[in-house]
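Shown below: run-v7.txt, with compact mmCIF, C-alpha atoms.
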# COMPACT_ATOMS: atom_id res chain seq x y z
CA MET A 15 -18.94 -11.91 -10.84
CA LEU A 16 -16.71 -9.79 -8.62
CA PRO A 17 -17.27 -9.38 -4.85
CA LEU A 18 -17.74 -5.58 -4.88
CA GLN A 19 -19.45 -5.17 -8.23
CA ASN A 20 -22.43 -3.35 -6.69
CA LEU A 21 -20.29 -0.85 -4.79
CA LYS A 22 -20.20 2.70 -6.20
CA VAL A 23 -17.21 4.83 -5.24
CA LEU A 24 -16.38 8.49 -5.87
CA ASP A 25 -12.63 8.94 -5.69
CA VAL A 26 -11.63 12.53 -4.93
CA SER A 27 -8.06 11.62 -4.02
CA GLN A 28 -4.71 11.82 -5.75
CA ILE A 29 -1.05 10.71 -5.69
CA MET A 30 -0.90 7.40 -3.77
CA ALA A 31 -2.75 6.65 -0.50
CA GLY A 32 -6.28 7.34 -1.74
CA PRO A 33 -5.74 6.06 -5.29
CA TYR A 34 -4.22 2.82 -3.96
CA CYS A 35 -7.30 2.30 -1.77
CA THR A 36 -9.72 2.90 -4.63
CA MET A 37 -7.69 0.74 -7.02
CA VAL A 38 -7.99 -2.20 -4.63
CA LEU A 39 -11.75 -1.63 -4.40
CA ALA A 40 -11.94 -1.36 -8.20
CA ASP A 41 -9.89 -4.54 -8.66
CA MET A 42 -12.53 -6.32 -6.58
CA GLY A 43 -15.32 -5.02 -8.79
CA ALA A 44 -16.34 -1.62 -7.42
CA GLU A 45 -17.38 1.05 -9.91
CA VAL A 46 -14.89 3.84 -9.21
CA ILE A 47 -15.36 7.29 -10.69
CA LYS A 48 -12.21 9.33 -10.23
CA VAL A 49 -13.08 13.01 -9.89
CA GLU A 50 -9.99 14.94 -10.97
CA LYS A 51 -9.23 18.63 -10.67
CA MET A 52 -9.09 20.87 -13.72
CA ASN A 53 -5.83 21.67 -15.51
CA GLY A 54 -4.03 18.36 -15.41
CA GLY A 55 -5.91 16.27 -12.90
CA ASP A 56 -4.24 13.99 -10.37
CA ASP A 57 -0.73 15.32 -9.64
CA SER A 58 0.73 11.89 -10.28
CA ARG A 59 -0.06 12.44 -13.96
CA GLN A 60 2.89 14.84 -13.88
CA MET A 61 5.25 12.22 -12.47
CA GLY A 62 7.57 10.33 -14.81
CA PRO A 63 8.65 8.12 -16.32
CA TYR A 64 6.47 8.74 -19.36
CA VAL A 65 5.61 6.55 -22.31
CA ASN A 66 4.05 8.42 -25.23
CA ASP A 67 3.56 11.43 -22.91
CA GLU A 68 1.51 9.37 -20.46
CA SER A 69 2.63 8.93 -16.85
CA THR A 70 3.41 5.35 -15.98
CA CYS A 71 3.24 6.26 -12.27
CA PHE A 72 -0.41 7.24 -12.65
CA SER A 73 -1.11 4.21 -14.81
CA GLN A 74 0.22 1.77 -12.21
CA ILE A 75 -2.23 2.84 -9.50
CA ASN A 76 -5.44 3.85 -11.29
CA ARG A 77 -6.54 0.84 -13.33
CA ASN A 78 -10.21 -0.20 -13.42
CA LYS A 79 -11.42 3.41 -12.87
CA LYS A 80 -13.24 6.05 -14.85
CA SER A 81 -11.99 9.64 -14.95
CA ILE A 82 -14.04 12.82 -14.97
CA SER A 83 -12.87 16.36 -14.27
CA LEU A 84 -14.92 18.89 -12.31
CA ASN A 85 -14.10 22.40 -11.16
CA LEU A 86 -15.40 21.93 -7.62
CA LYS A 87 -15.03 25.65 -6.92
CA ASP A 88 -17.85 26.21 -9.41
CA GLU A 89 -21.40 25.85 -8.08
CA ARG A 90 -22.67 24.08 -11.21
CA ALA A 91 -19.84 21.51 -11.13
CA ARG A 92 -20.42 21.04 -7.41
CA GLU A 93 -24.09 20.31 -8.08
CA ILE A 94 -22.97 17.58 -10.51
CA PHE A 95 -20.82 16.14 -7.73
CA TYR A 96 -23.83 16.17 -5.39
CA ARG A 97 -25.88 14.27 -7.95
CA LEU A 98 -23.15 11.64 -8.22
CA ALA A 99 -22.89 11.50 -4.42
CA ARG A 100 -26.61 10.77 -4.03
CA ASP A 101 -26.12 7.36 -5.65
CA ALA A 102 -22.66 6.61 -4.28
CA ASP A 103 -21.87 4.16 -1.52
CA VAL A 104 -18.39 5.47 -0.75
CA ILE A 105 -16.43 8.70 -1.13
CA VAL A 106 -12.64 8.70 -0.68
CA GLU A 107 -10.76 12.00 -0.38
CA ASN A 108 -7.28 12.99 0.70
CA TYR A 109 -7.37 16.76 0.80
CA ARG A 110 -5.62 18.63 3.60
CA THR A 111 -8.00 18.82 6.58
CA GLY A 112 -10.52 21.64 6.10
CA VAL A 113 -10.37 21.83 2.30
CA THR A 114 -13.47 19.71 1.70
CA ARG A 115 -15.40 22.01 4.03
CA SER A 116 -14.30 25.07 2.06
CA LEU A 117 -15.33 23.32 -1.16
CA ARG A 118 -18.63 22.26 0.45
CA ILE A 119 -18.09 18.57 -0.28
CA ASP A 120 -17.31 17.59 3.33
CA TYR A 121 -18.94 14.70 5.18
CA ASP A 122 -21.68 16.76 6.85
CA THR A 123 -22.69 18.30 3.52
CA ILE A 124 -22.76 14.96 1.71
CA LYS A 125 -24.50 13.21 4.62
CA ALA A 126 -27.43 15.63 4.25
CA ILE A 127 -27.72 14.49 0.63
CA ASN A 128 -27.03 10.79 1.22
CA PRO A 129 -27.34 9.69 4.88
CA GLY A 130 -25.94 6.23 4.09
CA ILE A 131 -22.69 7.50 2.59
CA ILE A 132 -19.42 5.98 3.78
CA TYR A 133 -17.04 8.93 3.61
CA CYS A 134 -13.35 8.16 4.04
CA SER A 135 -10.91 11.00 4.65
CA ILE A 136 -7.18 10.26 4.35
CA SER A 137 -4.89 13.02 5.57
CA GLY A 138 -1.46 13.47 7.06
CA TYR A 139 -2.49 13.80 10.70
CA GLY A 140 -6.24 13.13 10.76
CA GLN A 141 -9.27 15.37 11.14
CA THR A 142 -8.67 16.18 14.83
CA GLY A 143 -5.73 16.86 17.13
CA PRO A 144 -3.12 19.63 17.36
CA TYR A 145 -1.44 18.70 14.05
CA SER A 146 -4.61 18.22 12.01
CA HIS A 147 -4.01 21.43 10.04
CA ARG A 148 -0.63 20.23 8.76
CA GLY A 149 -0.01 18.54 5.46
CA GLY A 150 1.55 15.10 5.82
CA PHE A 151 3.60 12.90 3.54
CA ASP A 152 4.98 9.39 3.68
CA LEU A 153 8.56 10.29 4.60
CA VAL A 154 7.39 12.73 7.26
CA ALA A 155 5.36 9.90 8.78
CA GLN A 156 8.34 7.55 8.66
CA GLY A 157 10.33 10.06 10.66
CA MET A 158 7.61 11.09 13.11
CA THR A 159 6.52 7.60 14.14
CA GLY A 160 10.02 6.40 14.93
CA LEU A 161 10.31 4.09 11.94
CA MET A 162 13.42 5.81 10.59
CA SER A 163 15.08 5.64 14.01
CA MET A 164 14.96 1.84 13.84
CA THR A 165 15.77 1.39 10.15
CA GLY A 166 19.34 1.01 8.92
CA GLU A 167 22.47 0.57 11.00
CA LYS A 168 23.18 1.87 14.50
CA GLY A 169 25.13 5.10 14.57
CA ARG A 170 24.58 5.83 10.89
CA ARG A 171 22.30 8.32 9.10
CA PRO A 172 18.54 7.59 9.54
CA LEU A 173 17.17 5.62 6.61
CA LYS A 174 13.74 5.51 5.05
CA THR A 175 12.21 2.28 3.84
CA GLY A 176 12.65 1.33 0.19
CA ILE A 177 9.00 2.06 -0.68
CA ALA A 178 6.28 4.52 0.39
CA VAL A 179 5.17 2.19 3.16
CA TYR A 180 2.95 4.71 4.98
CA ASP A 181 1.10 5.88 1.86
CA ILE A 182 0.36 2.30 0.87
CA GLY A 183 -0.37 1.43 4.51
CA ALA A 184 -2.90 4.26 4.71
CA GLY A 185 -4.54 2.97 1.53
CA ILE A 186 -4.76 -0.56 2.93
CA THR A 187 -6.11 0.74 6.24
CA ALA A 188 -8.74 2.69 4.33
CA VAL A 189 -9.75 -0.41 2.35
CA TYR A 190 -10.50 -2.60 5.34
CA SER A 191 -12.14 0.30 7.20
CA ILE A 192 -14.44 1.03 4.27
CA LEU A 193 -15.41 -2.63 3.96
CA ALA A 194 -16.13 -2.82 7.70
CA ALA A 195 -18.31 0.30 7.46
CA TYR A 196 -20.06 -1.18 4.43
CA ILE A 197 -20.87 -4.36 6.34
CA HIS A 198 -22.18 -2.24 9.22
CA ARG A 199 -24.39 -0.31 6.82
CA MET A 200 -25.78 -3.51 5.38
CA SER A 201 -27.19 -4.42 8.80
CA SER A 202 -28.00 -0.97 10.15
CA GLY A 203 -28.48 1.34 7.19
CA GLU A 204 -26.07 3.79 8.79
CA GLY A 205 -23.28 5.51 6.92
CA GLN A 206 -20.31 7.06 8.69
CA HIS A 207 -17.17 9.14 8.43
CA ILE A 208 -13.83 7.28 8.48
CA ASP A 209 -10.80 9.32 9.53
CA ILE A 210 -7.44 7.85 8.41
CA ALA A 211 -4.15 9.55 9.34
CA ILE A 212 -1.07 8.58 7.34
CA THR A 213 1.09 9.26 10.40
CA GLU A 214 -0.90 6.76 12.50
CA CYS A 215 -1.61 3.83 10.22
CA GLY A 216 1.80 2.19 10.68
CA LEU A 217 2.01 2.43 14.47
CA PRO A 218 0.01 -0.78 15.09
CA TRP A 219 2.61 -2.66 13.03
CA PHE A 220 5.29 -2.06 15.68
CA THR A 221 4.31 -5.15 17.67
CA TRP A 222 7.68 -6.46 18.84
CA GLU A 223 8.92 -2.93 19.40
CA ALA A 224 5.87 -2.05 21.48
CA ALA A 225 6.28 -5.25 23.51
CA ALA A 226 9.80 -4.28 24.58
CA TYR A 227 8.99 -0.62 25.08
CA PHE A 228 5.82 -0.99 27.15
CA ALA A 229 7.22 -3.88 29.20
CA GLU A 230 10.77 -2.66 29.83
CA GLY A 231 10.97 0.90 28.54
CA LYS A 232 13.40 -0.25 25.86
CA VAL A 233 13.53 2.16 22.92
CA PRO A 234 14.08 0.24 19.67
CA GLU A 235 17.28 0.94 17.78
CA PRO A 236 18.31 0.08 14.22
CA THR A 237 19.01 -3.62 13.74
CA GLY A 238 20.33 -3.39 10.19
CA TRP A 239 20.02 -6.75 8.49
CA ARG A 240 18.91 -8.66 11.62
CA HIS A 241 15.51 -9.36 13.14
CA ARG A 242 14.78 -7.60 16.41
CA VAL A 243 13.76 -10.73 18.37
CA SER A 244 14.78 -13.96 16.61
CA ALA A 245 18.27 -15.23 15.68
CA PRO A 246 19.59 -16.19 13.26
CA TYR A 247 16.84 -14.42 11.35
CA GLN A 248 18.84 -12.12 9.10
CA ALA A 249 20.95 -11.64 6.00
CA ILE A 250 23.95 -14.00 5.97
CA LYS A 251 26.97 -13.76 3.69
CA ALA A 252 27.92 -16.82 1.64
CA ARG A 253 30.81 -17.16 -0.81
CA ASP A 254 29.28 -15.16 -3.66
CA GLY A 255 26.70 -12.95 -1.95
CA TYR A 256 23.99 -12.77 0.67
CA LEU A 257 20.88 -14.80 1.43
CA MET A 258 18.07 -14.27 3.92
CA LEU A 259 17.94 -16.93 6.63
CA GLY A 260 14.82 -17.40 8.73
CA CYS A 261 15.51 -19.51 11.83
CA ALA A 262 12.66 -17.91 13.72
CA ASN A 263 12.10 -20.75 16.21
CA GLN A 264 14.09 -23.44 18.03
CA ARG A 265 13.17 -26.36 15.79
CA THR A 266 14.20 -24.46 12.67
CA TRP A 267 17.53 -23.60 14.27
CA GLU A 268 18.11 -27.27 15.08
CA ARG A 269 17.30 -28.35 11.52
CA PHE A 270 19.63 -25.68 10.21
CA CYS A 271 22.52 -26.93 12.37
CA GLU A 272 21.90 -30.63 11.73
CA ASN A 273 20.80 -30.80 8.11
CA VAL A 274 22.06 -27.63 6.44
CA LEU A 275 25.39 -26.88 8.11
CA GLU A 276 25.97 -30.42 9.40
CA ARG A 277 27.26 -28.84 12.59
CA PRO A 278 25.11 -30.20 15.43
CA ASP A 279 27.78 -29.06 17.89
CA LEU A 280 26.49 -25.52 17.50
CA MET A 281 23.29 -26.53 19.29
CA ASP A 282 25.32 -27.37 22.40
CA ASP A 283 27.26 -24.11 22.45
CA PRO A 284 26.09 -22.31 25.62
CA ARG A 285 25.98 -19.03 23.68
CA PHE A 286 23.43 -20.44 21.25
CA LEU A 287 21.22 -22.74 23.35
CA THR A 288 18.01 -20.72 23.12
CA ASN A 289 16.69 -17.95 20.91
CA PHE A 290 17.27 -15.54 23.77
CA ASP A 291 20.88 -16.68 24.07
CA ARG A 292 21.42 -16.39 20.33
CA GLY A 293 19.98 -12.90 20.36
CA ARG A 294 22.36 -11.81 23.12
CA HIS A 295 25.35 -13.25 21.22
CA VAL A 296 24.18 -12.44 17.70
CA GLU A 297 27.51 -10.88 16.66
CA GLU A 298 29.41 -14.05 17.60
CA LEU A 299 26.70 -16.22 16.03
CA GLU A 300 26.88 -14.32 12.76
CA ALA A 301 30.67 -14.63 12.65
CA GLU A 302 30.46 -18.41 13.24
CA LEU A 303 27.83 -18.93 10.54
CA GLU A 304 29.51 -16.75 7.93
CA ALA A 305 32.82 -18.51 8.46
CA ILE A 306 31.11 -21.80 7.61
CA MET A 307 28.89 -20.49 4.81
CA ALA A 308 31.76 -18.68 3.06
CA GLU A 309 32.81 -22.10 1.76
CA GLN A 310 29.83 -22.38 -0.65
CA ASP A 311 27.71 -20.17 -2.93
CA VAL A 312 24.26 -18.80 -2.13
CA THR A 313 22.53 -21.34 -4.40
CA PHE A 314 24.13 -24.25 -2.54
CA TRP A 315 22.82 -23.05 0.82
CA LEU A 316 19.36 -22.21 -0.52
CA GLU A 317 19.00 -25.72 -1.94
CA ARG A 318 20.07 -27.23 1.37
CA CYS A 319 17.69 -25.02 3.34
CA ASP A 320 14.82 -25.91 1.04
CA LYS A 321 15.49 -29.64 1.42
CA ALA A 322 15.74 -29.32 5.21
CA GLY A 323 12.59 -27.21 5.56
CA VAL A 324 14.50 -24.15 6.78
CA PRO A 325 12.98 -20.87 5.53
CA ALA A 326 15.50 -19.00 3.40
CA GLY A 327 15.53 -16.99 0.23
CA PRO A 328 17.61 -14.89 -2.13
CA ILE A 329 18.02 -11.15 -1.72
CA ASN A 330 16.69 -10.12 -5.12
CA ASP A 331 16.72 -6.78 -6.80
CA PHE A 332 13.36 -5.73 -8.27
CA ASP A 333 14.21 -7.05 -11.74
CA GLN A 334 14.99 -10.47 -10.29
CA ALA A 335 11.80 -10.42 -8.23
CA MET A 336 9.70 -9.61 -11.29
CA HIS A 337 11.22 -12.59 -13.10
CA ASP A 338 10.92 -15.04 -10.23
CA GLU A 339 9.14 -18.17 -11.44
CA HIS A 340 6.98 -18.33 -8.31
CA TYR A 341 5.59 -14.80 -8.68
CA LEU A 342 5.02 -15.37 -12.38
CA ALA A 343 3.20 -18.65 -11.72
CA ARG A 344 0.91 -16.91 -9.23
CA GLY A 345 0.05 -14.04 -11.57
CA MET A 346 1.84 -11.28 -9.69
CA VAL A 347 2.89 -9.72 -12.98
CA GLN A 348 -0.08 -8.80 -15.16
CA GLU A 349 -0.35 -7.14 -18.58
CA MET A 350 -2.89 -4.70 -19.91
CA GLU A 351 -3.41 -2.65 -23.06
CA HIS A 352 -3.31 1.10 -22.51
CA PRO A 353 -4.67 3.41 -25.24
CA LYS A 354 -1.51 5.59 -25.26
CA ILE A 355 1.19 3.58 -23.52
CA GLY A 356 0.33 0.39 -25.37
CA ARG A 357 1.02 -3.03 -23.91
CA MET A 358 2.22 -2.52 -20.34
CA LYS A 359 2.98 -4.64 -17.30
CA THR A 360 1.67 -4.04 -13.81
CA ILE A 361 1.67 -5.71 -10.40
CA GLY A 362 -0.98 -8.40 -9.93
CA PHE A 363 -3.37 -9.20 -7.09
CA PRO A 364 -2.08 -10.53 -3.74
CA SER A 365 -5.51 -11.92 -2.72
CA LYS A 366 -6.44 -15.13 -4.52
CA PHE A 367 -10.23 -15.57 -4.43
CA SER A 368 -11.46 -19.06 -5.31
CA ARG A 369 -14.87 -17.84 -6.58
CA THR A 370 -14.48 -14.12 -7.33
CA PRO A 371 -10.92 -13.47 -8.50
CA SER A 372 -9.87 -9.88 -9.10
CA ARG A 373 -9.11 -8.90 -12.66
CA ILE A 374 -8.05 -5.96 -14.77
CA ARG A 375 -11.14 -4.79 -16.61
CA SER A 376 -9.69 -1.55 -17.96
CA PRO A 377 -6.37 0.34 -17.89
CA ALA A 378 -5.91 3.60 -16.03
CA PRO A 379 -8.09 6.24 -17.70
CA LEU A 380 -6.87 9.15 -19.75
CA PHE A 381 -7.49 12.51 -18.11
CA ALA A 382 -11.25 13.25 -18.10
CA GLN A 383 -11.80 10.33 -20.48
CA HIS A 384 -15.25 9.53 -19.09
CA THR A 385 -16.64 12.98 -18.31
CA ASP A 386 -19.19 12.91 -21.11
CA GLU A 387 -20.14 9.29 -20.48
CA VAL A 388 -20.70 9.74 -16.74
CA LEU A 389 -22.51 13.07 -16.99
CA ALA A 390 -24.69 11.83 -19.83
CA GLY A 391 -25.73 9.11 -17.39
CA LEU A 392 -27.02 11.89 -15.12
CA GLY A 393 -29.17 13.17 -17.99
CA LEU A 394 -27.01 16.08 -19.19
CA SER A 395 -27.40 16.72 -22.92
CA PRO A 396 -24.49 17.19 -25.34
CA GLU A 397 -25.40 20.88 -25.54
CA GLU A 398 -25.26 21.26 -21.75
CA LEU A 399 -21.91 19.50 -21.65
CA GLU A 400 -20.55 21.79 -24.34
CA THR A 401 -21.67 24.86 -22.40
CA LEU A 402 -20.23 23.61 -19.09
CA ARG A 403 -16.93 22.81 -20.78
CA ALA A 404 -16.74 26.18 -22.51
CA GLU A 405 -17.35 27.95 -19.20
CA GLY A 406 -14.65 26.01 -17.32
CA CYS A 407 -16.93 23.88 -15.15
CA ILE A 408 -15.81 20.53 -16.54
CA THR A 409 -13.05 19.10 -18.70

Do you think you could lay out the structure here as structure tokens?
Amino acid sequence: MLPLQNLKVLDVSQIMAGPYCTMVLADMGAEVIKVEKMNGGDDSRQMGPYVNDESTCFSQINRNKKSISLNLKDERAREIFYRLARDADVIVENYRTGVTRSLRIDYDTIKAINPGIIYCSISGYGQTGPYSHRGGFDLVAQGMTGLMSMTGEKGRRPLKTGIAVYDIGAGITAVYSILAAYIHRMSSGEGQHIDIAITECGLPWFTWEAAAYFAEGKVPEPTGWRHRVSAPYQAIKARDGYLMLGCANQRTWERFCENVLERPDLMDDPRFLTNFDRGRHVEELEAELEAIMAEQDVTFWLERCDKAGVPAGPINDFDQAMHDEHYLARGMVQEMEHPKIGRMKTIGFPSKFSRTPSRIRSPAPLFAQHTDEVLAGLGLSPEELETLRAEGCIT
């Protein structure tokens, strides 16, 4: 049994934010029917790399779903969508604001068909506000929210994060919002519209930055490899490379000095007495530590930190991360059999449920793989399907 196995979701989204949301719901058991556009479907199907002409990008983010293709500009295909919507619990879409209204699959239209529907719209800037008409993308959001102004090194070119943090963040925000709306519906019977803006979802994550800004008017600047508040909480250079050191509180700093470096005198240095002091003198602190740690390799210091209970870790590349024994032991690399790609690896599940663990039930679907199956479930005959396909209503 899976926790969301009775949840029915229509996924009218593409690329990343919406599909990530619906994949998480599907991993937890929801029945997700991915409604793709005609002539190629989800745009991520055209993103490489490819294996046997199948996009691995698409395949990484659309497991556990079924795929159908409808020409939603056609009235007959739209009526099929309405029939699916009548029995759905959730609809997720990420069209530019206003498009669903022009297609007549917007919240108000669907609500008239299914008053209990939970309808989640993910867009660049949201459904309201002066920018709502604009299209929005992850990197635009990183720039607009100030994230790029505080990433990288001071005085250098603005840097993006290494991953599409706002697209994934919007997907995660949509997941917990949908589940909250679902719980509300269970007690009230009421559905609702959820409005998620990619350019907003990351702002609540700026907790330390907001603390300094709202209290003192301090605008956050890039801190490079260092934490904004705690020190030494940063990348430190050893003899053969860098490690990440996490002395995020006073006791950890003391253990680091006493048991890792064997330099208790550092605790008495007036520049380093408190976390606040260490933050003010972080350049001098870093120079002191790196002079000491240059005498040994990264592995030596990591072993010492582990023994002393000081949080620290290697700075892995992605290949090293995917081969880390801890991630492998916790199932963060999974395998599945894809009908065209063959045996393929994918990222596992970060939530470990004791009673209802997530699992891969099926690989990402081929384009329109389940159109006949799903529409036959609505009572359409093979002859009707053949006619609709010939007339460009379905794929």

Closest-contact table, segment 185-263 of chain A side, partner segment 28-31 of chain A, 10 Å, counting all atoms listed in the file, as CSV:
residue,atom,partner,partner_atom,distance
A:Gly185,CA,A:Ala31,CA,4.6
A:Ile186,CA,A:Ala31,CA,8.2
A:Thr187,CA,A:Ala31,CA,9.6
A:Ala188,CA,A:Ala31,CA,8.7
A:Ile212,CA,A:Ala31,CA,8.2

Give me the residues within 7 Å of Ser69 of chain A as a PyMOL selection string, counting all atoms listed in the file and dropping any in the same chain fewer than 6 places off. chain A and resi 59-63

As an exercise, work out the distance from atom CA of Lys168 of chain A to atom CA of Lys251 of chain A in Å and give it to one decimal place. 19.4 Å

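With all atoms listed in the file as the atoms that count, the minimum distance from Ala226 of chain A to the choices A:Ile192, A:Val243, A:Gln156, A:Ala102 is reached by A:Val243.
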
Once 8 Å is added on each side, what are the centre and the three edge lengths, in Å to one decimal, of the axis-aligned box enclosing the listed atoms of segment 99-113 of chain A? Present them as lines of an AutoDock Vina configuration file.
center_x = -16.1
center_y = 13.0
center_z = 0.5
size_x = 37.0
size_y = 33.7
size_z = 28.2

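Using only C-alpha atoms, the protein and nucleic acid residues lying no more than 9 Å from segment 266-278 of chain A, apart from those fewer than 3 places from it along its own chain, are Ala245, Pro246, Gly260, Cys261, Ala262, Asn263, Met281, Asp282, Asn289, Leu303, Ile306, Met307, Trp315, Arg318, Cys319, Lys321, Ala322, Gly323, Val324 and Pro325 of chain A.
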
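Each of A:Phe95, A:His198, A:Pro17, A:Tyr34 was compared to Cys71 of chain A using all atoms listed in the file, and A:Tyr34 turns out to be the nearest.
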
Straight-line distance linking atom CA of Arg100 of chain A with atom CA of Asn128 of chain A, stated in Å to one decimal: 5.3 Å
